[in-house]
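Okay, so here's the structure we're looking at.
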Amino acid sequence: MGSLDLSQLQHLWWLLVSVVGALFIFLTFVQGGQGLLYSLAKTEVEKSLIINSLGKKWELTFTTLVLFGGAFFAAFPLFYSTSFGGAYWVWMLILFTFILQAVSYEYRKKPDNLLGAKAFEVFLIINGTVGILLIGVAVGTFFTGSNFTLNDFNFVTWHHPGRGIEAAFSLFNLSFGLFLVFLARVLGSLYLTNNIEHAVINQRCKDAAFTNLLWALPFLLYVLISLLVMDGYAVDPNTHIVSLESGKYLTNLLALPVNGLSFLLIGLLLVVWGVAATRFMGSRKGIWPAGLGTVLVVLAIFAIAGYNNTAFYPSKVDLQSSLTIYTASSSHYTLTVMSYIALAIPLVIGYVFYVWRLLDAKKLTEADILVEGSQEKY
Amino acid sequence: MLEQIDLSQLNWARGQFALTAMYHWIFVPLTLGLSFLLAFFETIYYKTGNEKWKFVTKFWMKLFGINFAIGVATGIILEFEFGTNWSNYSWMVGDIFGAPLAAEGLFAFFLETTFFAVMFFGWDRVSKKFHLISTWLVAIGSNLSALWILIANGWMQHPVGMAFNPDNARFEMTNFWDILFSPVGVSHFVHTTSSSFLVGCLFIVTICSWYLLQGRHVDMAKKSIAVAATFGVIASAFVGFTGDESAYTAAQVQPMKLAAMEGLWDGEVNADLVVLGIVNPGKKPGDDSEAFQFDIKLPYLLSLLANRELGSFVPGVNDMVYGNAEHGVVGAGEKITIGKEAIHQLALYKQAREKDDQVGAEIALAAFNQNQKYLGYGYLEKPEDIVPNVPIVFYSFHIMVALGTYFPLLFGAILFFLYRDNLTEQKWFLRLGVFGIFMGWVASEAGWVVAELGRQPWAIQGLLPVSIAKTNLTTTTVQMTFFMFLIVFTTLLIAEVRIMLKQIQIGPEGE
């Protein structure tokens, strides 16, 4: 690893950040489940089943988001400083929804919780919808660009009073956000079907998975078609000069046949397969193909945003302020050190998966919720 | 760059970070301390098979879970606030500071959260042994997360293992091990975690004292308080040793902070240690007014603590502001001049590079390297800018030390009364015990005030002042988020306190 040159390390770290981002989007099944709380559960017991099922996983999603931020900070600090400092409001609002989520599982059912159970349920729904929508909007700017300039010292100035919120008024960004919301709901339904043993909830989950996939499709199509026809932000690898190039993202998809086009197509098919198997063939394991598919789709999206000499965080105001994996990255030494640290990723995935299997070996049932002194704590 | 300085927005940004950090720090020491106490309780249960210890473990685990949730909620914002409110800082030192944060997420948070789920949901799903291991892993994970963030903070107090890269105007890591094993970072970590263990112990002391006063859950309370007091005594020893080490390292690398901690305005050979004092709040650098309105001092002791050598010189605030040639202290005025020259040469270097003027670039770079030692000072306006708020740092330090001295006595007395088997009869003492956690919080927060306010005006000691580190935001924007955080965190804190009190009132289930 120590023999990798700077460019190889920059590419490696874009891949690692993409993997963490892709795993995060897969884990937003928690947010999807939260958003569907009232449509999947009609009674208090049903609500408790869903909350307890998601409650075993919410911290995993949360921690992955924190790691995603940390990995970006360590590997591409200029993105961290430019986007978080610049698009201030969009990130602040995302974080607020996650703050609300973090207490809601624990406090919802506890006596004397000040706000009442309903308020904490609403917090979960806000996180599951607004939070994911805004994340989609923020990622959408990887393609549509943002309103910033960098000075000689790489200090950011934002040229829109909305401080990032203006991105939500782009149809592309909004569609991207809505696609992620419905995708999360698809994944949430599939996860709950897999984790809960309850005929009524299972049936509602199967229906919800299918319905939300249908809702996701128009937004996905709009995003994909836009991506194929829109101008992209290309960078000259030698001079680092950024310019607009027509059909850049289509070029990227075709130039990256292995992790671009095929990942995207196979990923989408796997998501559809996961839903179809659940809805029409009675499978309870649709979350796994759909989860894998989600990871592949997100990897493809990150690949076309950052690879093949593309500016992954473009500036609409000043093209030359746009960020590329070359200009935004940490030094060779730091990326090398971080690469050694990243060797722990398979170990972490391994024990997370092991514990997941261990805790989910027995499906959650109504009896688990109703029994006196139940260990189901939410 | 200097024209970007906006003191009003800067102060709100600092206020917001202080607000979120201080809220977060109400909950974190409890997590760090209680996680190990849970591991102790469960280990006793595992070894003895006595179900009563299982009830003890589950009761404290319930309170741990309530605290943990709000700790997580208040914590996420801190990581991202480096980017949102301190974006220039994030760029200038992200090459160094980001790595510990990423390592924290990878090594610590996943360990903590994965096994947290086993700890809470796994009682009937995994073996007794695996459950015990999970509880220990939660404790280790929690404290590992503290390691990485405190290493990062230690680096901000004493930047090592890095070099300035003039081509992109940022600091870059050159030696990871120097950062990881920096004496400041290590003593910072041990002092913070061991003092957090004390806070965890005091939480148990408070609740158990209340139960014993009420005559409720007596057996559970005596079992819990015995373990907490024992752990508290051991942790106190670490707090004492590492506190001394922290003061010593501050004297070596942050002498201004030490001077503020002690209210030392004029340096002295064989300086006295102020045990108790009321500082003169109107005192300014360079004036002749008295430093204290009232004080009690121990002769020579500050020199001994600061330099571990009697007869040594400890510089005061005025020495560092105006210089002291006799003792070789360079004044801030001189450092500012050198720093401004470094900034000027850096600008010339960049201009020469843009014009492809190789010779000009080399000359400017050589001049920059000669002056870069005080680069950060070049962003300051006047020598007095290097002085932190002396009264706040002084009082915070002395409150922390006084309480840190009181806690081992409290724990020792609990063990003494338990040994004599008459703790339940000591009503006055138990009433004192009820105040334990509140004193613990005061001491713990005061420690952070000393650490963070004591190093002002620096974000990175000597290299980057907070006025340059901040994001270019309007004052109104930061004010809005400040009040959003204030309202949300206060509401959640009230909810947490109410839930916690109710659970304490209910007590352990199935006892």
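In the structure tokens, chains take the letters A, B, ... in the order shown, each chain's residues start at 1, and ligands count up from 1 in the order shown.
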
Would you tabulate, counting only C-alpha atoms, all residues of chain A that have an atom at most 7 Å from an atom of chain B, showing the closest pair of atoms and their distance in Å to one decimal, sorted by chain then ascending number, as CSV?
residue,atom,partner,partner_atom,distance
A:Lys56,CA,B:Ala117,CA,5.9
A:Glu59,CA,B:Thr113,CA,6.1
A:Leu60,CA,B:Thr113,CA,6.7
A:Thr63,CA,B:Phe109,CA,6.4
A:Val66,CA,B:Gly105,CA,6.6
A:Leu67,CA,B:Gly105,CA,4.9
A:Gly70,CA,B:Ala102,CA,4.3
A:Ala71,CA,B:Ala102,CA,5.2
A:Phe73,CA,B:Gly98,CA,4.9
A:Ala74,CA,B:Gly98,CA,3.8
A:Pro77,CA,B:Gly94,CA,5.2
A:Leu78,CA,B:Trp91,CA,5.4
A:Tyr80,CA,B:Gly83,CA,5.8
A:Ser81,CA,B:Ser87,CA,4.3
A:Thr82,CA,B:Ser87,CA,6.8
A:Phe84,CA,B:Thr84,CA,4.5
A:Gly85,CA,B:Thr84,CA,3.9
A:Tyr88,CA,B:Thr84,CA,5.8
A:Leu95,CA,B:Ile77,CA,6.6
A:Ile99,CA,B:Ala73,CA,4.5
A:Ala102,CA,B:Ala73,CA,5.1
A:Val103,CA,B:Ala69,CA,5.1
A:Glu106,CA,B:Ile66,CA,6.3
A:Lys110,CA,B:Ile499,CA,6.4
A:Pro111,CA,B:Ile499,CA,6.3
A:Asp112,CA,B:Ile499,CA,5.4
A:Asn113,CA,B:Ala495,CA,5.1
A:Leu114,CA,B:Ala495,CA,5.1
A:Phe153,CA,B:Ala169,CA,5.9
A:Phe155,CA,B:Asn88,CA,5.7
A:Thr157,CA,B:Asn472,CA,6.6
A:Ser330,CA,B:Asp95,CA,5.1
A:Ser331,CA,B:Asp95,CA,6.6
A:Tyr333,CA,B:Thr174,CA,6.7
A:Thr334,CA,B:Met173,CA,6.2
A:Met338,CA,B:Ala99,CA,6.5
A:Ile341,CA,B:Ala103,CA,6.9
A:Val352,CA,B:Thr114,CA,6.2
A:Leu359,CA,B:Arg125,CA,6.5
A:Gln375,CA,B:Phe121,CA,6.0
A:Glu376,CA,B:Phe121,CA,6.4

Write to file, as a compact mmCIF listing (two decimals), in the first residue's frame, the residues of the selection just made, with C-alpha atoms.
# COMPACT_ATOMS: atom_id res chain seq x y z
CA LYS A 56 -32.07 -2.70 16.80
CA GLU A 59 -27.58 3.18 15.41
CA LEU A 60 -25.90 1.26 12.63
CA THR A 63 -22.85 5.44 12.81
CA VAL A 66 -20.86 9.60 11.02
CA LEU A 67 -18.18 7.43 9.38
CA GLY A 70 -15.30 11.29 8.96
CA ALA A 71 -14.01 9.52 5.84
CA PHE A 73 -13.05 14.81 6.24
CA ALA A 74 -9.95 12.63 6.31
CA PRO A 77 -11.00 17.74 3.48
CA LEU A 78 -11.63 20.40 0.87
CA TYR A 80 -15.74 18.82 3.91
CA SER A 81 -14.84 22.45 4.37
CA THR A 82 -16.48 23.67 1.14
CA PHE A 84 -20.42 21.80 5.04
CA GLY A 85 -19.26 25.36 5.49
CA TYR A 88 -24.70 25.38 5.71
CA LEU A 95 -28.35 16.95 11.14
CA ILE A 99 -30.69 14.61 16.34
CA ALA A 102 -31.42 9.66 18.06
CA VAL A 103 -33.60 10.19 21.13
CA GLU A 106 -35.40 5.46 23.57
CA LYS A 110 -40.88 6.03 28.53
CA PRO A 111 -43.18 7.58 31.13
CA ASP A 112 -42.80 11.32 31.77
CA ASN A 113 -41.10 11.91 28.41
CA LEU A 114 -42.32 15.54 28.24
CA PHE A 153 -6.23 29.82 0.39
CA PHE A 155 -11.49 29.34 1.81
CA THR A 157 -17.49 31.90 -0.20
CA SER A 330 -5.46 14.86 1.63
CA SER A 331 -1.74 14.44 1.17
CA TYR A 333 1.14 10.51 3.57
CA THR A 334 -2.30 10.93 5.14
CA MET A 338 -5.73 6.15 6.30
CA ILE A 341 -6.55 2.14 9.00
CA VAL A 352 -21.56 -6.26 12.42
CA LEU A 359 -29.89 -11.02 17.02
CA GLN A 375 -36.49 -7.27 26.84
CA GLU A 376 -37.87 -5.42 23.83

For CA of Asp244 (chain B) and CA of Ala306 (chain B), the interatomic separation in Å (one decimal) = 8.8 Å

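Using only C-alpha atoms, the residues found no farther than 9 Å from Val442 (chain B), other than those of its own chain fewer than 3 positions away, are Ile399, Met400, Leu403, Ile437, Phe438, Met439, Glu445, Ala446 and Gly447 of chain B.
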
With C-alpha atoms retained, write the just-selected residues as a compact mmCIF listing (two decimals), in the first residue's frame.
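Saved result, selection39.txt, follows:
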# COMPACT_ATOMS: atom_id res chain seq x y z
CA ILE B 399 -13.18 24.76 41.15
CA MET B 400 -12.09 21.67 39.22
CA LEU B 403 -13.80 19.20 43.63
CA ILE B 437 -23.24 13.95 40.44
CA PHE B 438 -23.95 17.68 40.28
CA MET B 439 -20.49 18.42 41.66
CA GLU B 445 -17.34 20.96 32.52
CA ALA B 446 -14.90 23.27 34.33
CA GLY B 447 -12.06 21.09 33.07
